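Visitor: If you scroll down you'll find the structure; I have some questions about it.
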Amino acid sequence: MKNNSLIRILTFIILFSGIFGCAKRNLVYFSDIETGSSYSTNISQVEEPVIQSGDLIKIVVSTQSPESNLLFNSGVISNDSQNRMMSQQLPANEGYLVDKNGQINFPVIGKIDIEGFTREEATLKMTELLEEYVKDPIINIQYLNFKITVIGEVANPNTFTLATDRISILEALGLAGDMTQYGKRENVLLIRDQDGVRKAVRLNLNDKSILNSPYFMLQQNDVLYVEPDKIKSVQASTNQRTLTILSILVSFGVSLMFNLRYILNE
(Lines give C-alpha, C1' and ligand atoms only; values in the text may rest on other atoms or scores of the structure.)
Protein backbone atom coordinates (compact mmCIF):
# COMPACT_ATOMS: atom_id res chain seq x y z
CA MET A 1 0.00 0.00 0.00
CA LYS A 2 2.74 2.36 0.98
CA ASN A 3 4.78 1.52 -2.14
CA ASN A 4 1.80 2.06 -4.44
CA SER A 5 1.16 5.46 -2.87
CA LEU A 6 4.77 6.47 -3.34
CA ILE A 7 4.72 5.39 -7.00
CA ARG A 8 1.60 7.47 -7.66
CA ILE A 9 3.13 10.52 -6.01
CA LEU A 10 6.42 10.22 -7.89
CA THR A 11 4.58 9.71 -11.19
CA PHE A 12 2.55 12.84 -10.60
CA ILE A 13 5.63 14.87 -9.70
CA ILE A 14 7.36 13.77 -12.90
CA LEU A 15 4.34 14.68 -15.05
CA PHE A 16 3.93 17.98 -13.24
CA SER A 17 7.59 18.86 -13.82
CA GLY A 18 7.33 17.88 -17.49
CA ILE A 19 4.35 20.16 -18.07
CA PHE A 20 5.44 23.19 -16.09
CA GLY A 21 9.17 22.78 -16.00
CA CYS A 22 11.10 25.56 -17.71
CA ALA A 23 14.76 25.68 -18.63
CA LYS A 24 16.55 28.77 -17.39
CA ARG A 25 16.43 31.50 -20.02
CA ASN A 26 19.21 33.93 -20.79
CA LEU A 27 17.53 37.35 -20.99
CA VAL A 28 20.78 39.33 -21.17
CA TYR A 29 22.01 40.76 -24.46
CA PHE A 30 25.73 40.08 -25.11
CA SER A 31 25.90 37.98 -21.96
CA ASP A 32 29.36 36.72 -22.93
CA ILE A 33 30.82 40.16 -22.15
CA GLU A 34 31.83 39.76 -18.52
CA THR A 35 30.68 42.29 -15.93
CA GLY A 36 33.23 45.03 -15.41
CA SER A 37 35.15 44.15 -18.56
CA SER A 38 35.35 45.96 -21.88
CA TYR A 39 35.06 44.64 -25.40
CA SER A 40 36.00 46.15 -28.73
CA THR A 41 35.89 44.87 -32.28
CA ASN A 42 36.65 46.24 -35.69
CA ILE A 43 33.49 47.29 -37.50
CA SER A 44 33.03 45.19 -40.60
CA GLN A 45 32.31 46.83 -43.91
CA VAL A 46 28.70 47.99 -43.66
CA GLU A 47 26.66 47.06 -46.68
CA GLU A 48 24.92 50.24 -47.76
CA PRO A 49 21.21 49.95 -48.63
CA VAL A 50 20.53 50.27 -52.34
CA ILE A 51 17.56 51.86 -54.06
CA GLN A 52 14.95 49.32 -55.11
CA SER A 53 11.82 49.25 -57.19
CA GLY A 54 8.94 50.62 -55.11
CA ASP A 55 11.12 52.99 -53.09
CA LEU A 56 9.90 56.54 -52.66
CA ILE A 57 12.75 59.04 -52.62
CA LYS A 58 13.00 62.77 -52.15
CA ILE A 59 15.47 64.65 -54.37
CA VAL A 60 16.37 68.25 -53.57
CA VAL A 61 18.46 70.24 -56.03
CA SER A 62 20.34 73.40 -55.04
CA THR A 63 21.98 75.63 -57.66
CA GLN A 64 23.08 79.23 -58.04
CA SER A 65 19.98 79.92 -60.11
CA PRO A 66 16.63 80.43 -58.30
CA GLU A 67 14.79 79.59 -61.52
CA SER A 68 16.64 76.29 -61.85
CA ASN A 69 15.93 75.47 -58.23
CA LEU A 70 12.22 75.98 -58.83
CA LEU A 71 12.29 73.90 -61.99
CA PHE A 72 14.18 70.91 -60.66
CA ASN A 73 12.46 70.86 -57.27
CA SER A 74 8.88 71.26 -58.47
CA GLY A 75 8.92 70.39 -62.13
CA VAL A 76 6.76 73.38 -63.17
CA ILE A 77 7.56 77.05 -63.60
CA SER A 78 4.98 79.62 -64.68
CA ASN A 79 4.51 83.40 -64.66
CA ASP A 80 1.56 85.16 -63.01
CA SER A 81 -0.15 88.24 -64.44
CA GLN A 82 2.54 90.51 -62.99
CA ASN A 83 5.33 88.42 -64.52
CA ARG A 84 6.57 87.15 -61.16
CA MET A 85 8.14 83.72 -61.25
CA MET A 86 5.97 81.10 -59.55
CA SER A 87 6.24 77.40 -58.96
CA GLN A 88 3.64 74.74 -58.33
CA GLN A 89 5.29 73.07 -55.36
CA LEU A 90 4.88 69.39 -54.71
CA PRO A 91 3.43 68.42 -51.33
CA ALA A 92 6.18 67.83 -48.76
CA ASN A 93 5.34 64.14 -48.41
CA GLU A 94 5.59 63.39 -52.13
CA GLY A 95 8.68 62.16 -53.86
CA TYR A 96 9.85 60.15 -56.82
CA LEU A 97 8.59 56.57 -56.97
CA VAL A 98 11.06 54.09 -58.42
CA ASP A 99 9.02 52.16 -60.96
CA LYS A 100 9.15 48.45 -61.79
CA ASN A 101 11.93 49.15 -64.29
CA GLY A 102 14.05 50.81 -61.60
CA GLN A 103 13.58 54.30 -63.02
CA ILE A 104 12.34 57.70 -61.87
CA ASN A 105 10.95 60.45 -64.11
CA PHE A 106 12.85 63.63 -63.30
CA PRO A 107 12.08 67.13 -64.66
CA VAL A 108 13.98 68.09 -67.84
CA ILE A 109 16.17 64.98 -67.77
CA GLY A 110 13.36 62.43 -68.05
CA LYS A 111 13.79 58.73 -67.18
CA ILE A 112 16.79 57.91 -64.97
CA ASP A 113 17.90 54.40 -63.96
CA ILE A 114 18.79 54.38 -60.26
CA GLU A 115 17.81 50.90 -59.04
CA GLY A 116 20.72 49.14 -57.40
CA PHE A 117 22.46 52.43 -56.59
CA THR A 118 23.32 53.52 -53.06
CA ARG A 119 22.26 57.04 -52.13
CA GLU A 120 25.83 58.22 -52.66
CA GLU A 121 26.04 56.60 -56.10
CA ALA A 122 22.64 57.99 -57.11
CA THR A 123 23.70 61.44 -55.92
CA LEU A 124 26.84 61.28 -58.06
CA LYS A 125 24.88 60.17 -61.12
CA MET A 126 22.26 62.91 -60.67
CA THR A 127 25.01 65.51 -60.24
CA GLU A 128 26.68 64.46 -63.48
CA LEU A 129 23.39 64.60 -65.38
CA LEU A 130 22.41 68.03 -64.03
CA GLU A 131 25.82 69.55 -64.75
CA GLU A 132 24.77 69.54 -68.41
CA TYR A 133 22.06 72.10 -67.53
CA VAL A 134 23.29 74.06 -64.49
CA LYS A 135 26.60 74.93 -62.89
CA ASP A 136 27.73 73.23 -59.66
CA PRO A 137 24.47 71.56 -58.66
CA ILE A 138 24.17 70.16 -55.13
CA ILE A 139 21.96 67.08 -54.86
CA ASN A 140 20.42 65.68 -51.69
CA ILE A 141 18.62 62.32 -51.85
CA GLN A 142 16.57 60.93 -48.98
CA TYR A 143 14.30 57.91 -48.52
CA LEU A 144 10.66 58.71 -47.76
CA ASN A 145 9.50 55.12 -47.19
CA PHE A 146 12.50 53.34 -45.67
CA LYS A 147 10.83 50.77 -43.44
CA ILE A 148 11.57 47.76 -41.29
CA THR A 149 9.20 45.33 -39.58
CA VAL A 150 9.57 43.77 -36.12
CA ILE A 151 7.16 40.98 -35.14
CA GLY A 152 6.90 38.13 -32.65
CA GLU A 153 7.75 38.36 -28.96
CA VAL A 154 8.19 42.12 -28.68
CA ALA A 155 6.12 44.66 -26.77
CA ASN A 156 4.99 46.57 -29.85
CA PRO A 157 5.17 44.53 -33.07
CA ASN A 158 4.82 46.88 -36.02
CA THR A 159 6.17 48.18 -39.32
CA PHE A 160 8.22 51.34 -38.81
CA THR A 161 8.80 53.98 -41.50
CA LEU A 162 12.04 55.84 -40.84
CA ALA A 163 13.60 59.15 -41.78
CA THR A 164 17.00 57.49 -42.09
CA ASP A 165 18.47 54.50 -43.89
CA ARG A 166 20.82 53.63 -41.03
CA ILE A 167 19.31 51.57 -38.22
CA SER A 168 20.77 48.71 -36.21
CA ILE A 169 18.99 45.58 -35.04
CA LEU A 170 19.10 46.93 -31.46
CA GLU A 171 17.52 50.22 -32.49
CA ALA A 172 14.78 48.31 -34.32
CA LEU A 173 14.04 46.26 -31.20
CA GLY A 174 13.98 49.50 -29.22
CA LEU A 175 11.33 50.92 -31.56
CA ALA A 176 9.28 47.77 -30.93
CA GLY A 177 9.52 48.17 -27.16
CA ASP A 178 12.17 45.44 -26.78
CA MET A 179 11.64 41.68 -26.48
CA THR A 180 9.31 40.23 -23.89
CA GLN A 181 10.64 37.75 -21.34
CA TYR A 182 9.51 34.97 -23.67
CA GLY A 183 11.56 36.16 -26.65
CA LYS A 184 14.44 33.89 -27.66
CA ARG A 185 17.36 36.29 -27.79
CA GLU A 186 19.61 33.53 -29.06
CA ASN A 187 17.45 32.85 -32.11
CA VAL A 188 16.20 36.03 -33.79
CA LEU A 189 15.24 35.52 -37.44
CA LEU A 190 16.14 38.19 -40.02
CA ILE A 191 14.37 38.02 -43.39
CA ARG A 192 15.84 40.10 -46.21
CA ASP A 193 15.07 40.55 -49.93
CA GLN A 194 18.18 41.34 -51.94
CA ASP A 195 18.99 41.10 -55.65
CA GLY A 196 15.85 39.09 -56.33
CA VAL A 197 16.66 36.60 -53.56
CA ARG A 198 14.85 36.23 -50.24
CA LYS A 199 17.04 34.90 -47.46
CA ALA A 200 16.58 34.15 -43.77
CA VAL A 201 19.37 34.37 -41.18
CA ARG A 202 19.37 33.30 -37.52
CA LEU A 203 21.06 35.76 -35.15
CA ASN A 204 22.20 35.22 -31.56
CA LEU A 205 21.88 38.43 -29.53
CA ASN A 206 23.41 36.76 -26.47
CA ASP A 207 26.67 36.61 -28.41
CA LYS A 208 28.93 39.67 -28.63
CA SER A 209 30.03 38.70 -32.15
CA ILE A 210 26.72 40.11 -33.46
CA LEU A 211 28.30 43.57 -33.02
CA ASN A 212 30.58 42.78 -35.95
CA SER A 213 27.98 40.98 -38.04
CA PRO A 214 27.09 42.23 -41.55
CA TYR A 215 23.47 41.88 -40.41
CA PHE A 216 23.83 44.22 -37.41
CA MET A 217 22.73 47.15 -39.59
CA LEU A 218 19.33 46.64 -41.21
CA GLN A 219 18.29 47.38 -44.77
CA GLN A 220 15.14 48.52 -46.54
CA ASN A 221 12.15 46.18 -45.97
CA ASP A 222 14.00 43.91 -43.52
CA VAL A 223 11.78 41.82 -41.21
CA LEU A 224 12.83 40.73 -37.71
CA TYR A 225 10.95 37.84 -36.14
CA VAL A 226 11.49 37.15 -32.45
CA GLU A 227 10.60 33.53 -31.77
CA PRO A 228 8.75 32.64 -28.51
CA ASP A 229 10.20 30.04 -26.19
CA LYS A 230 8.51 26.69 -25.58
CA ILE A 231 6.62 27.80 -22.49
CA LYS A 232 4.90 30.63 -24.39
CA SER A 233 4.10 28.22 -27.22
CA VAL A 234 2.47 25.80 -24.76
CA GLN A 235 0.46 28.63 -23.23
CA ALA A 236 -0.74 29.78 -26.64
CA SER A 237 -1.84 26.28 -27.65
CA THR A 238 -3.51 25.38 -24.34
CA ASN A 239 -7.27 25.97 -24.22
CA GLN A 240 -9.29 26.96 -21.17
CA ARG A 241 -10.54 23.43 -20.55
CA THR A 242 -6.98 22.14 -20.39
CA LEU A 243 -6.06 24.92 -17.97
CA THR A 244 -8.97 23.91 -15.73
CA ILE A 245 -7.87 20.26 -15.72
CA LEU A 246 -4.28 21.28 -14.97
CA SER A 247 -5.49 23.50 -12.13
CA ILE A 248 -7.31 20.53 -10.60
CA LEU A 249 -4.21 18.37 -10.99
CA VAL A 250 -2.06 21.02 -9.33
CA SER A 251 -4.47 21.23 -6.39
CA PHE A 252 -4.46 17.46 -6.10
CA GLY A 253 -0.68 17.40 -6.23
CA VAL A 254 -0.32 20.03 -3.52
CA SER A 255 -2.65 18.01 -1.31
CA LEU A 256 -0.59 14.89 -1.88
CA MET A 257 2.62 16.72 -1.13
CA PHE A 258 1.28 17.94 2.22
CA ASN A 259 0.19 14.43 3.14
CA LEU A 260 3.36 12.75 1.96
CA ARG A 261 4.92 12.66 5.41
CA TYR A 262 1.88 10.86 6.84
CA ILE A 263 2.01 8.22 4.07
CA LEU A 264 5.72 7.66 4.62
CA ASN A 265 5.10 7.09 8.34
CA GLU A 266 2.47 4.40 7.77
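If you're wondering about the labels, chains in the C-alpha coordinates are A, B, ... by order shown, residues count from 1 in each chain, ligands from 1 in order shown.
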Need to verify the contact set: stretch 166-171 of chain A, 12 Å, only C-alpha atoms, exclusion of same-chain residues closer than 6 positions in sequence. Can you return it as a VMD selection string?

Guide: chain A and resid 29 to 30 46 to 50 119 142 to 143 146 to 150 160 177 to 179 185 188 to 190 203 to 205 210 to 226

Visitor: At what distance in Å, to one decimal, does atom CA of A:Ile57 lie from atom CA of A:Ala163?

Guide: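 Pair atom CA of A:Ala163 / atom CA of A:Ile57 returns 10.9 Å.
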
Visitor: Taking 6 positions as the minimum chain separation for residues in the same chain, which residues sit within 10 Å of A:Pro228 when counting only C-alpha atoms? Answer as number ranges by chain.

Guide: A: 152-154, 179-185, 187-188

Visitor: Can you tell me which residues surround A:Pro137 at a distance of at most 12 Å, considering only C-alpha atoms, apart from same-chain residues fewer than 3 positions away, and format the answer as a PDB file with N, CA and C atoms, in the first residue's frame?

Guide:
```
ATOM      1  N   VAL A  60      16.325  66.791 -53.662  1.00  0.00           N
ATOM      2  CA  VAL A  60      16.370  68.253 -53.566  1.00  0.00           C
ATOM      3  C   VAL A  60      17.600  68.753 -54.306  1.00  0.00           C
ATOM      4  N   VAL A  61      17.374  69.688 -55.216  1.00  0.00           N
ATOM      5  CA  VAL A  61      18.456  70.241 -56.029  1.00  0.00           C
ATOM      6  C   VAL A  61      18.702  71.696 -55.625  1.00  0.00           C
ATOM      7  N   SER A  62      19.968  72.016 -55.364  1.00  0.00           N
ATOM      8  CA  SER A  62      20.343  73.397 -55.043  1.00  0.00           C
ATOM      9  C   SER A  62      21.365  73.877 -56.071  1.00  0.00           C
ATOM     10  N   THR A  63      21.069  75.037 -56.676  1.00  0.00           N
ATOM     11  CA  THR A  63      21.983  75.627 -57.655  1.00  0.00           C
ATOM     12  C   THR A  63      22.108  77.126 -57.384  1.00  0.00           C
ATOM     13  N   GLN A  64      22.922  77.783 -58.188  1.00  0.00           N
ATOM     14  CA  GLN A  64      23.082  79.228 -58.039  1.00  0.00           C
ATOM     15  C   GLN A  64      21.951  79.989 -58.702  1.00  0.00           C
ATOM     16  N   SER A  65      21.078  79.272 -59.399  1.00  0.00           N
ATOM     17  CA  SER A  65      19.980  79.915 -60.113  1.00  0.00           C
ATOM     18  C   SER A  65      18.642  79.628 -59.423  1.00  0.00           C
ATOM     19  N   PRO A  66      17.948  80.645 -58.918  1.00  0.00           N
ATOM     20  CA  PRO A  66      16.634  80.433 -58.300  1.00  0.00           C
ATOM     21  C   PRO A  66      15.640  79.782 -59.257  1.00  0.00           C
ATOM     22  N   SER A  68      16.305  77.709 -61.719  1.00  0.00           N
ATOM     23  CA  SER A  68      16.638  76.291 -61.852  1.00  0.00           C
ATOM     24  C   SER A  68      16.202  75.506 -60.618  1.00  0.00           C
ATOM     25  N   ASN A  69      16.360  76.134 -59.467  1.00  0.00           N
ATOM     26  CA  ASN A  69      15.930  75.473 -58.229  1.00  0.00           C
ATOM     27  C   ASN A  69      14.433  75.185 -58.266  1.00  0.00           C
ATOM     28  N   PHE A  72      13.781  72.269 -61.002  1.00  0.00           N
ATOM     29  CA  PHE A  72      14.182  70.907 -60.657  1.00  0.00           C
ATOM     30  C   PHE A  72      13.546  70.400 -59.361  1.00  0.00           C
ATOM     31  N   THR A 123      23.395  60.008 -56.011  1.00  0.00           N
ATOM     32  CA  THR A 123      23.703  61.442 -55.924  1.00  0.00           C
ATOM     33  C   THR A 123      24.761  61.830 -56.957  1.00  0.00           C
ATOM     34  N   LEU A 124      25.782  61.015 -57.085  1.00  0.00           N
ATOM     35  CA  LEU A 124      26.843  61.279 -58.057  1.00  0.00           C
ATOM     36  C   LEU A 124      26.296  61.250 -59.483  1.00  0.00           C
ATOM     37  N   LYS A 125      25.443  60.269 -59.774  1.00  0.00           N
ATOM     38  CA  LYS A 125      24.878  60.170 -61.121  1.00  0.00           C
ATOM     39  C   LYS A 125      23.986  61.371 -61.424  1.00  0.00           C
ATOM     40  N   MET A 126      23.137  61.759 -60.469  1.00  0.00           N
ATOM     41  CA  MET A 126      22.256  62.912 -60.675  1.00  0.00           C
ATOM     42  C   MET A 126      23.066  64.189 -60.868  1.00  0.00           C
ATOM     43  N   THR A 127      24.159  64.321 -60.119  1.00  0.00           N
ATOM     44  CA  THR A 127      25.013  65.511 -60.242  1.00  0.00           C
ATOM     45  C   THR A 127      25.610  65.600 -61.640  1.00  0.00           C
ATOM     46  N   GLU A 128      26.094  64.478 -62.141  1.00  0.00           N
ATOM     47  CA  GLU A 128      26.683  64.461 -63.483  1.00  0.00           C
ATOM     48  C   GLU A 128      25.657  64.812 -64.558  1.00  0.00           C
ATOM     49  N   LEU A 129      24.433  64.309 -64.399  1.00  0.00           N
ATOM     50  CA  LEU A 129      23.392  64.601 -65.382  1.00  0.00           C
ATOM     51  C   LEU A 129      22.977  66.074 -65.344  1.00  0.00           C
ATOM     52  N   LEU A 130      22.867  66.643 -64.159  1.00  0.00           N
ATOM     53  CA  LEU A 130      22.411  68.027 -64.032  1.00  0.00           C
ATOM     54  C   LEU A 130      23.484  69.036 -64.414  1.00  0.00           C
ATOM     55  N   GLU A 131      24.747  68.626 -64.361  1.00  0.00           N
ATOM     56  CA  GLU A 131      25.823  69.546 -64.754  1.00  0.00           C
ATOM     57  C   GLU A 131      25.738  69.929 -66.228  1.00  0.00           C
ATOM     58  N   GLU A 132      24.971  69.172 -67.006  1.00  0.00           N
ATOM     59  CA  GLU A 132      24.773  69.538 -68.410  1.00  0.00           C
ATOM     60  C   GLU A 132      23.815  70.719 -68.544  1.00  0.00           C
ATOM     61  N   TYR A 133      23.079  71.043 -67.465  1.00  0.00           N
ATOM     62  CA  TYR A 133      22.058  72.096 -67.531  1.00  0.00           C
ATOM     63  C   TYR A 133      22.368  73.265 -66.602  1.00  0.00           C
ATOM     64  N   VAL A 134      22.997  72.994 -65.460  1.00  0.00           N
ATOM     65  CA  VAL A 134      23.292  74.055 -64.488  1.00  0.00           C
ATOM     66  C   VAL A 134      24.707  73.880 -63.972  1.00  0.00           C
ATOM     67  N   ASN A 140      20.664  66.389 -52.955  1.00  0.00           N
ATOM     68  CA  ASN A 140      20.421  65.683 -51.691  1.00  0.00           C
ATOM     69  C   ASN A 140      19.306  64.665 -51.914  1.00  0.00           C
TER      70      ASN A 140
END
```

Visitor: Can you list, as a PyMOL selection string, all residues belonging to stretch 129-198 of chain A that DSSP tags as strand (DSSP E)?

Guide: chain A and resi 138-143+146-152+158-162+183-194+197-198

Visitor: Okay, now the selection with N, CA and C atoms, as a tab-separated table (two decimals), in the first residue's frame?

Guide:
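Contents of again.tsv, as written:
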```tsv
chain	number	residue	atom	x	y	z
A	138	ILE	N	24.03	70.94	-56.37
A	138	ILE	CA	24.17	70.16	-55.13
A	138	ILE	C	22.91	69.31	-54.99
A	139	ILE	N	23.09	68.00	-54.89
A	139	ILE	CA	21.96	67.08	-54.86
A	139	ILE	C	21.86	66.43	-53.48
A	140	ASN	N	20.66	66.39	-52.95
A	140	ASN	CA	20.42	65.68	-51.69
A	140	ASN	C	19.31	64.67	-51.91
A	141	ILE	N	19.60	63.40	-51.66
A	141	ILE	CA	18.62	62.32	-51.85
A	141	ILE	C	18.29	61.69	-50.50
A	142	GLN	N	17.01	61.48	-50.26
A	142	GLN	CA	16.57	60.93	-48.98
A	142	GLN	C	15.42	59.95	-49.21
A	143	TYR	N	15.42	58.86	-48.46
A	143	TYR	CA	14.30	57.91	-48.52
A	143	TYR	C	13.08	58.52	-47.82
A	146	PHE	N	11.59	54.36	-46.18
A	146	PHE	CA	12.50	53.34	-45.67
A	146	PHE	C	11.83	52.70	-44.46
A	147	LYS	N	11.59	51.41	-44.53
A	147	LYS	CA	10.83	50.77	-43.44
A	147	LYS	C	11.41	49.42	-43.08
A	148	ILE	N	11.21	49.08	-41.80
A	148	ILE	CA	11.57	47.76	-41.29
A	148	ILE	C	10.39	47.25	-40.46
A	149	THR	N	10.30	45.94	-40.31
A	149	THR	CA	9.20	45.33	-39.58
A	149	THR	C	9.75	44.45	-38.47
A	150	VAL	N	9.17	44.59	-37.26
A	150	VAL	CA	9.57	43.77	-36.12
A	150	VAL	C	8.31	43.07	-35.60
A	151	ILE	N	8.32	41.75	-35.58
A	151	ILE	CA	7.16	40.98	-35.14
A	151	ILE	C	7.60	39.89	-34.17
A	152	GLY	N	6.61	39.22	-33.58
A	152	GLY	CA	6.90	38.13	-32.65
A	152	GLY	C	6.86	38.61	-31.22
A	158	ASN	N	5.34	45.86	-35.09
A	158	ASN	CA	4.82	46.88	-36.02
A	158	ASN	C	5.78	47.01	-37.20
A	159	THR	N	5.32	47.74	-38.22
A	159	THR	CA	6.17	48.18	-39.32
A	159	THR	C	6.49	49.65	-39.09
A	160	PHE	N	7.77	49.99	-39.13
A	160	PHE	CA	8.22	51.34	-38.81
A	160	PHE	C	8.80	52.01	-40.06
A	161	THR	N	8.27	53.18	-40.41
A	161	THR	CA	8.80	53.98	-41.50
A	161	THR	C	9.76	55.00	-40.92
A	162	LEU	N	10.97	55.06	-41.46
A	162	LEU	CA	12.04	55.84	-40.84
A	162	LEU	C	12.47	57.01	-41.72
A	183	GLY	N	10.85	36.09	-25.38
A	183	GLY	CA	11.56	36.16	-26.65
A	183	GLY	C	12.90	35.44	-26.59
A	184	LYS	N	13.20	34.65	-27.61
A	184	LYS	CA	14.44	33.89	-27.66
A	184	LYS	C	15.54	34.78	-28.25
A	185	ARG	N	16.31	35.38	-27.37
A	185	ARG	CA	17.36	36.29	-27.79
A	185	ARG	C	18.46	35.59	-28.58
A	186	GLU	N	18.57	34.29	-28.37
A	186	GLU	CA	19.61	33.53	-29.06
A	186	GLU	C	19.16	33.03	-30.43
A	187	ASN	N	17.96	33.41	-30.85
A	187	ASN	CA	17.45	32.85	-32.11
A	187	ASN	C	16.50	33.82	-32.80
A	188	VAL	N	17.00	35.02	-33.10
A	188	VAL	CA	16.20	36.03	-33.79
A	188	VAL	C	16.35	35.82	-35.30
A	189	LEU	N	15.23	35.79	-36.00
A	189	LEU	CA	15.24	35.52	-37.44
A	189	LEU	C	15.17	36.84	-38.22
A	190	LEU	N	16.13	37.03	-39.12
A	190	LEU	CA	16.14	38.19	-40.02
A	190	LEU	C	15.80	37.72	-41.42
A	191	ILE	N	14.78	38.34	-42.02
A	191	ILE	CA	14.37	38.02	-43.39
A	191	ILE	C	14.68	39.24	-44.27
A	192	ARG	N	15.40	38.99	-45.36
A	192	ARG	CA	15.84	40.10	-46.21
A	192	ARG	C	15.69	39.74	-47.69
A	193	ASP	N	15.15	40.68	-48.47
A	193	ASP	CA	15.07	40.55	-49.93
A	193	ASP	C	16.23	41.33	-50.54
A	194	GLN	N	17.02	40.66	-51.36
A	194	GLN	CA	18.18	41.34	-51.94
A	194	GLN	C	18.52	40.70	-53.28
A	197	VAL	N	16.57	37.79	-54.41
A	197	VAL	CA	16.66	36.60	-53.56
A	197	VAL	C	16.16	36.93	-52.17
A	198	ARG	N	15.33	36.06	-51.61
A	198	ARG	CA	14.85	36.23	-50.24
A	198	ARG	C	15.59	35.25	-49.35
```

Visitor: Just give me the gap between atom CA of A:Leu175 and atom CA of A:Asn156 in Å, one decimal is fine.

Guide: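 Atom CA of A:Leu175 sits 7.9 Å away from atom CA of A:Asn156.
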
Visitor: Using DSSP on the backbone coordinates, identify the residues of stretch 154-250 of chain A assigned to alpha helix (DSSP H); present them as an MDAnalysis selection string.

Guide: chainID A and resid 169:175 230:237 240:250
